[in-house]
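Take a look at the structure below.
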Amino acid sequence: MKLETKLVHISRPDEFTGAISTPIYQTSSYMQEAPDVNKGFAYTRTANPTRKVVEQAIAELEGGIAGFAFSSGLAATDCVLKLLKQGDEVIAVNDVYGGTYRILTTVYNKLGVTSKFIDTTNIKNVINAVSDKTRFIWLETPTNPTLKISDIKEIAKIAKQVGALLIVDNTFLSPALQQPIHLGADIVVHSGTKYLSGHGDVLSGFVVVKDSKIAENLKYLQNTSGGVLSPFDSWLTLRGIQTLYLRIEKHSQNAQKIAEYLITHPQVDKVYYPGLKNHPNHAIAAQQQKGFGGMISFTLKNDSLEAAKKFLTRTKIFLLAENLGDVRSLGSHPATMTHKSTPEEVRKETGVQDSLIRLSVGIENVDDLINDIKQALD
Ligand SMILES: *Cc1c(COP(=O)(O)O)cnc(C)c1O
């Protein structure tokens, strides 16, 4: 079956009742026939039928053997990091999601796990960074907010050589546009808050693995740490996933047209979008992705915080918000929002200039979106 078909049928009729829409099993525990004799469910932290459906769905979409659902993307990330022990080292892409950077540098470093942040778009940097302590290589591709692309296949080979696991945070593209496990990754992480759920109404996080031993360890950690996804939020995410293909196709089409419009506007300086031929990683994006996604960043000729602020408060359809992957178009200002706590020099080194604006392009009519951008820029 093609992905569009799989997605629509991802929520299978309920085993017990035949209900077409997966029921929300809003229960914390389950009656047992005798001590330790049950229908596979005892307590909802350990297993819940609604959560089980969304966990199987994400595993299938990413091509893994098991999926785990968490109460947020960071709870998912945290659970994967708990596979590590004191003395282990993580090599991560240098513009990794701010929350991932924060948990590595302020929580796991205290527990004796060290992290190195490097530009993984250049394979040589990865080869030079790995050591015999490297347990994880943690990628995001594309990255936030300057949309750098790393070669998953090549980095998977390096990870294998040094006995490390390759983890890919696939939030920005979703399995509709990129399946890291098929490219050699060991673990996929998601903030389901973004494209998977797609409507800006739920927080969720996922982990998908391809190895049964790692699956067993994660199942243990998920139940032991307890940051699981609630039945209702499992249902909301599942509901979102059914229209993922339609949404992501429209997000990508709109973003391509907007990126092409932005490069023609006299107020605009740089435009970051992997679908543009002049994007430095366009070739690798075209090779490993099925589309270029809905995220665009750009800078203004007037490179100031004030100019960016003016633009973001003048758009009428693009709403100023931290989120992304919503059906609604959103705009954000990394320098004062997501990267506020990054030192100015470090921030500018990774391309987060004062005027950098990030757009999460929604599924509205593209002419309306372009007109909104035009009137704000003018
Ligand atoms: C939002 C996000 C996260 C964290 O997810 P939450 O659901 O907000 O906890 C992790 N990685 C990426 C790339 C994100 O965009």
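Residues are named by chain letter and number: chains run A, B, ... in the order of the structure tokens, numbers start at 1 in each chain, and ligands are numbered from 1 in the order shown.
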
**Report entry** Who sits within 12 Å of A:Thr5, only C-alpha atoms, same chain under 4 positions skipped, as an NGL selection string
**Finding:** :A and (1 or 9-11 or 61 or 176 or 241-246)

Using only C-alpha atoms and all ligand atoms, what are the residues with an atom within 9 Å of ligand 1, set out as a PDB file with N, CA and C atoms, in the first residue's frame?
ATOM      1  N   PHE A  70       4.894   9.439  24.144  1.00  0.00           N
ATOM      2  CA  PHE A  70       5.200  10.204  25.360  1.00  0.00           C
ATOM      3  C   PHE A  70       4.371  11.484  25.408  1.00  0.00           C
ATOM      4  N   SER A  71       4.394  12.114  26.593  1.00  0.00           N
ATOM      5  CA  SER A  71       3.556  13.292  26.802  1.00  0.00           C
ATOM      6  C   SER A  71       4.078  14.544  26.090  1.00  0.00           C
ATOM      7  N   SER A  72       5.306  14.507  25.561  1.00  0.00           N
ATOM      8  CA  SER A  72       5.829  15.613  24.751  1.00  0.00           C
ATOM      9  C   SER A  72       7.050  15.096  23.996  1.00  0.00           C
ATOM     10  N   GLY A  73       7.513  15.898  23.049  1.00  0.00           N
ATOM     11  CA  GLY A  73       8.716  15.526  22.309  1.00  0.00           C
ATOM     12  C   GLY A  73       9.911  15.411  23.236  1.00  0.00           C
ATOM     13  N   LEU A  74       9.989  16.322  24.213  1.00  0.00           N
ATOM     14  CA  LEU A  74      11.141  16.272  25.121  1.00  0.00           C
ATOM     15  C   LEU A  74      11.094  15.081  26.068  1.00  0.00           C
ATOM     16  N   ALA A  75       9.896  14.625  26.429  1.00  0.00           N
ATOM     17  CA  ALA A  75       9.784  13.409  27.243  1.00  0.00           C
ATOM     18  C   ALA A  75      10.293  12.213  26.438  1.00  0.00           C
ATOM     19  N   ALA A  76      10.043  12.228  25.135  1.00  0.00           N
ATOM     20  CA  ALA A  76      10.542  11.165  24.249  1.00  0.00           C
ATOM     21  C   ALA A  76      12.071  11.220  24.184  1.00  0.00           C
ATOM     22  N   THR A  77      12.605  12.423  23.970  1.00  0.00           N
ATOM     23  CA  THR A  77      14.059  12.630  23.920  1.00  0.00           C
ATOM     24  C   THR A  77      14.708  12.167  25.223  1.00  0.00           C
ATOM     25  N   VAL A  96      20.915  21.893  17.004  1.00  0.00           N
ATOM     26  CA  VAL A  96      19.893  20.973  17.517  1.00  0.00           C
ATOM     27  C   VAL A  96      18.784  21.793  18.216  1.00  0.00           C
ATOM     28  N   TYR A  97      17.593  21.245  18.284  1.00  0.00           N
ATOM     29  CA  TYR A  97      16.461  21.895  18.970  1.00  0.00           C
ATOM     30  C   TYR A  97      16.907  22.391  20.360  1.00  0.00           C
ATOM     31  N   GLY A  98      16.545  23.612  20.707  1.00  0.00           N
ATOM     32  CA  GLY A  98      16.992  24.240  21.951  1.00  0.00           C
ATOM     33  C   GLY A  98      16.738  23.397  23.190  1.00  0.00           C
ATOM     34  N   GLY A  99      15.610  22.724  23.238  1.00  0.00           N
ATOM     35  CA  GLY A  99      15.265  21.890  24.402  1.00  0.00           C
ATOM     36  C   GLY A  99      16.176  20.673  24.510  1.00  0.00           C
ATOM     37  N   THR A 100      16.601  20.153  23.359  1.00  0.00           N
ATOM     38  CA  THR A 100      17.521  19.007  23.346  1.00  0.00           C
ATOM     39  C   THR A 100      18.892  19.471  23.829  1.00  0.00           C
ATOM     40  N   GLU A 140      19.376  16.257  13.581  1.00  0.00           N
ATOM     41  CA  GLU A 140      18.108  16.808  13.149  1.00  0.00           C
ATOM     42  C   GLU A 140      18.373  17.230  11.726  1.00  0.00           C
ATOM     43  N   THR A 141      17.554  16.864  10.807  1.00  0.00           N
ATOM     44  CA  THR A 141      17.740  17.299   9.434  1.00  0.00           C
ATOM     45  C   THR A 141      16.387  17.371   8.757  1.00  0.00           C
ATOM     46  N   PRO A 142      15.933  18.552   8.302  1.00  0.00           N
ATOM     47  CA  PRO A 142      16.607  19.850   8.377  1.00  0.00           C
ATOM     48  C   PRO A 142      16.647  20.375   9.822  1.00  0.00           C
ATOM     49  N   THR A 143      17.579  21.318  10.057  1.00  0.00           N
ATOM     50  CA  THR A 143      17.678  21.909  11.388  1.00  0.00           C
ATOM     51  C   THR A 143      16.854  23.186  11.479  1.00  0.00           C
ATOM     52  N   ASN A 144      16.714  23.607  12.713  1.00  0.00           N
ATOM     53  CA  ASN A 144      15.953  24.795  13.045  1.00  0.00           C
ATOM     54  C   ASN A 144      16.931  25.890  13.476  1.00  0.00           C
ATOM     55  N   ASP A 169      16.008  13.086  14.890  1.00  0.00           N
ATOM     56  CA  ASP A 169      14.783  13.791  15.258  1.00  0.00           C
ATOM     57  C   ASP A 169      14.117  14.195  13.945  1.00  0.00           C
ATOM     58  N   ASN A 170      13.003  13.522  13.638  1.00  0.00           N
ATOM     59  CA  ASN A 170      12.366  13.673  12.318  1.00  0.00           C
ATOM     60  C   ASN A 170      11.166  14.624  12.347  1.00  0.00           C
ATOM     61  N   THR A 171      11.116  15.472  13.373  1.00  0.00           N
ATOM     62  CA  THR A 171       9.968  16.358  13.579  1.00  0.00           C
ATOM     63  C   THR A 171       9.681  17.269  12.379  1.00  0.00           C
ATOM     64  N   PHE A 172      10.731  17.852  11.788  1.00  0.00           N
ATOM     65  CA  PHE A 172      10.532  18.868  10.752  1.00  0.00           C
ATOM     66  C   PHE A 172       9.954  18.321   9.451  1.00  0.00           C
ATOM     67  N   VAL A 189      13.109   9.997  16.608  1.00  0.00           N
ATOM     68  CA  VAL A 189      12.413  10.720  17.664  1.00  0.00           C
ATOM     69  C   VAL A 189      11.510  11.767  17.002  1.00  0.00           C
ATOM     70  N   HIS A 190      10.360  12.025  17.619  1.00  0.00           N
ATOM     71  CA  HIS A 190       9.424  13.017  17.095  1.00  0.00           C
ATOM     72  C   HIS A 190       8.844  13.887  18.184  1.00  0.00           C
ATOM     73  N   SER A 191       8.678  15.163  17.884  1.00  0.00           N
ATOM     74  CA  SER A 191       7.707  15.938  18.620  1.00  0.00           C
ATOM     75  C   SER A 191       6.416  15.814  17.816  1.00  0.00           C
ATOM     76  N   GLY A 192       5.478  15.018  18.321  1.00  0.00           N
ATOM     77  CA  GLY A 192       4.197  14.833  17.634  1.00  0.00           C
ATOM     78  C   GLY A 192       3.315  16.066  17.728  1.00  0.00           C
ATOM     79  N   THR A 193       3.774  17.006  18.553  1.00  0.00           N
ATOM     80  CA  THR A 193       3.103  18.303  18.707  1.00  0.00           C
ATOM     81  C   THR A 193       3.029  19.054  17.372  1.00  0.00           C
ATOM     82  N   LYS A 194       3.943  18.767  16.472  1.00  0.00           N
ATOM     83  CA  LYS A 194       4.101  19.541  15.239  1.00  0.00           C
ATOM     84  C   LYS A 194       3.310  18.902  14.088  1.00  0.00           C
ATOM     85  N   VAL A 202      -2.303  19.802  20.702  1.00  0.00           N
ATOM     86  CA  VAL A 202      -1.866  18.715  21.578  1.00  0.00           C
ATOM     87  C   VAL A 202      -0.341  18.682  21.663  1.00  0.00           C
ATOM     88  N   LEU A 203       0.183  18.261  22.812  1.00  0.00           N
ATOM     89  CA  LEU A 203       1.609  17.962  22.931  1.00  0.00           C
ATOM     90  C   LEU A 203       1.741  16.449  22.892  1.00  0.00           C
ATOM     91  N   SER A 204       2.701  15.951  22.093  1.00  0.00           N
ATOM     92  CA  SER A 204       2.984  14.517  22.126  1.00  0.00           C
ATOM     93  C   SER A 204       4.395  14.278  21.616  1.00  0.00           C
ATOM     94  N   GLY A 205       4.946  13.119  21.947  1.00  0.00           N
ATOM     95  CA  GLY A 205       6.292  12.768  21.503  1.00  0.00           C
ATOM     96  C   GLY A 205       6.371  11.283  21.214  1.00  0.00           C
ATOM     97  N   GLU A 322       5.339  30.277  18.904  1.00  0.00           N
ATOM     98  CA  GLU A 322       6.511  29.397  18.967  1.00  0.00           C
ATOM     99  C   GLU A 322       6.347  28.100  18.170  1.00  0.00           C
ATOM    100  N   ASN A 323       5.147  27.681  17.950  1.00  0.00           N
ATOM    101  CA  ASN A 323       4.910  26.345  17.409  1.00  0.00           C
ATOM    102  C   ASN A 323       5.220  26.249  15.916  1.00  0.00           C
ATOM    103  N   LEU A 324       5.133  25.046  15.379  1.00  0.00           N
ATOM    104  CA  LEU A 324       5.277  24.827  13.939  1.00  0.00           C
ATOM    105  C   LEU A 324       4.465  23.594  13.571  1.00  0.00           C
ATOM    106  N   GLY A 325       4.253  23.412  12.255  1.00  0.00           N
ATOM    107  CA  GLY A 325       3.538  22.227  11.802  1.00  0.00           C
ATOM    108  C   GLY A 325       2.032  22.311  11.972  1.00  0.00           C
TER     109      GLY A 325
END

Requested in this report: Quick one: everything within 6 Å of stretch 313-319 of chain A, counting only C-alpha atoms, minus sequence neighbours fewer than 2 positions away in the same chain. Send it as an MDAnalysis selection string.
Outcome: chainID A and resid 310:311 329:331 372 376

Since we have the selection now, will you write its residues out, keeping all heavy atoms, as a JSON list (two decimals), in the first residue's frame?
[["chain", "number", "residue", "atom", "x", "y", "z"],
["A", 310, "LYS", "N", 8.73, 44.40, 13.41],
["A", 310, "LYS", "CA", 7.72, 45.10, 12.60],
["A", 310, "LYS", "C", 7.01, 44.12, 11.67],
["A", 310, "LYS", "O", 5.79, 44.09, 11.58],
["A", 310, "LYS", "CB", 8.40, 46.18, 11.75],
["A", 310, "LYS", "CG", 8.05, 47.59, 12.15],
["A", 310, "LYS", "CD", 8.67, 48.56, 11.18],
["A", 310, "LYS", "CE", 8.77, 49.93, 11.82],
["A", 310, "LYS", "NZ", 9.60, 50.83, 11.00],
["A", 311, "PHE", "N", 7.82, 43.31, 10.99],
["A", 311, "PHE", "CA", 7.23, 42.35, 10.04],
["A", 311, "PHE", "C", 6.28, 41.41, 10.77],
["A", 311, "PHE", "O", 5.13, 41.21, 10.36],
["A", 311, "PHE", "CB", 8.33, 41.54, 9.34],
["A", 311, "PHE", "CG", 7.78, 40.44, 8.47],
["A", 311, "PHE", "CD1", 7.36, 40.69, 7.16],
["A", 311, "PHE", "CD2", 7.63, 39.14, 8.96],
["A", 311, "PHE", "CE1", 6.81, 39.69, 6.38],
["A", 311, "PHE", "CE2", 7.09, 38.13, 8.18],
["A", 311, "PHE", "CZ", 6.68, 38.41, 6.88],
["A", 329, "SER", "N", -0.77, 29.18, 9.34],
["A", 329, "SER", "CA", 0.57, 29.71, 9.14],
["A", 329, "SER", "C", 1.02, 30.45, 10.39],
["A", 329, "SER", "O", 0.25, 31.23, 10.97],
["A", 329, "SER", "CB", 0.59, 30.66, 7.94],
["A", 329, "SER", "OG", 0.50, 29.89, 6.75],
["A", 330, "LEU", "N", 2.28, 30.19, 10.79],
["A", 330, "LEU", "CA", 2.83, 30.82, 11.98],
["A", 330, "LEU", "C", 4.17, 31.47, 11.63],
["A", 330, "LEU", "O", 4.90, 30.98, 10.77],
["A", 330, "LEU", "CB", 3.06, 29.78, 13.08],
["A", 330, "LEU", "CG", 1.89, 28.89, 13.48],
["A", 330, "LEU", "CD1", 2.34, 27.83, 14.49],
["A", 330, "LEU", "CD2", 0.74, 29.71, 14.07],
["A", 331, "GLY", "N", 4.47, 32.56, 12.34],
["A", 331, "GLY", "CA", 5.78, 33.19, 12.18],
["A", 331, "GLY", "C", 6.45, 33.27, 13.53],
["A", 331, "GLY", "O", 5.76, 33.36, 14.56],
["A", 372, "ASP", "N", -0.22, 38.49, 2.29],
["A", 372, "ASP", "CA", 0.00, 38.85, 3.70],
["A", 372, "ASP", "C", 1.48, 39.20, 3.92],
["A", 372, "ASP", "O", 1.80, 40.22, 4.57],
["A", 372, "ASP", "CB", -0.41, 37.67, 4.60],
["A", 372, "ASP", "CG", -0.47, 38.06, 6.07],
["A", 372, "ASP", "OD1", -0.83, 39.22, 6.36],
["A", 372, "ASP", "OD2", -0.16, 37.21, 6.92],
["A", 376, "ALA", "N", 3.14, 43.08, 4.72],
["A", 376, "ALA", "CA", 3.96, 43.27, 5.91],
["A", 376, "ALA", "C", 5.37, 43.76, 5.54],
["A", 376, "ALA", "O", 5.93, 44.63, 6.20],
["A", 376, "ALA", "CB", 4.04, 41.99, 6.72]]

**Report entry** Counting only C-alpha atoms, the option among A:Arg347, A:Arg358, A:Lys309, A:His199 closest to A:Val271
**Finding:** A:Arg358

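In this model, the gap between atom CA of A:Ala57 and atom CA of A:Ile214 comes to 18.5 Å.
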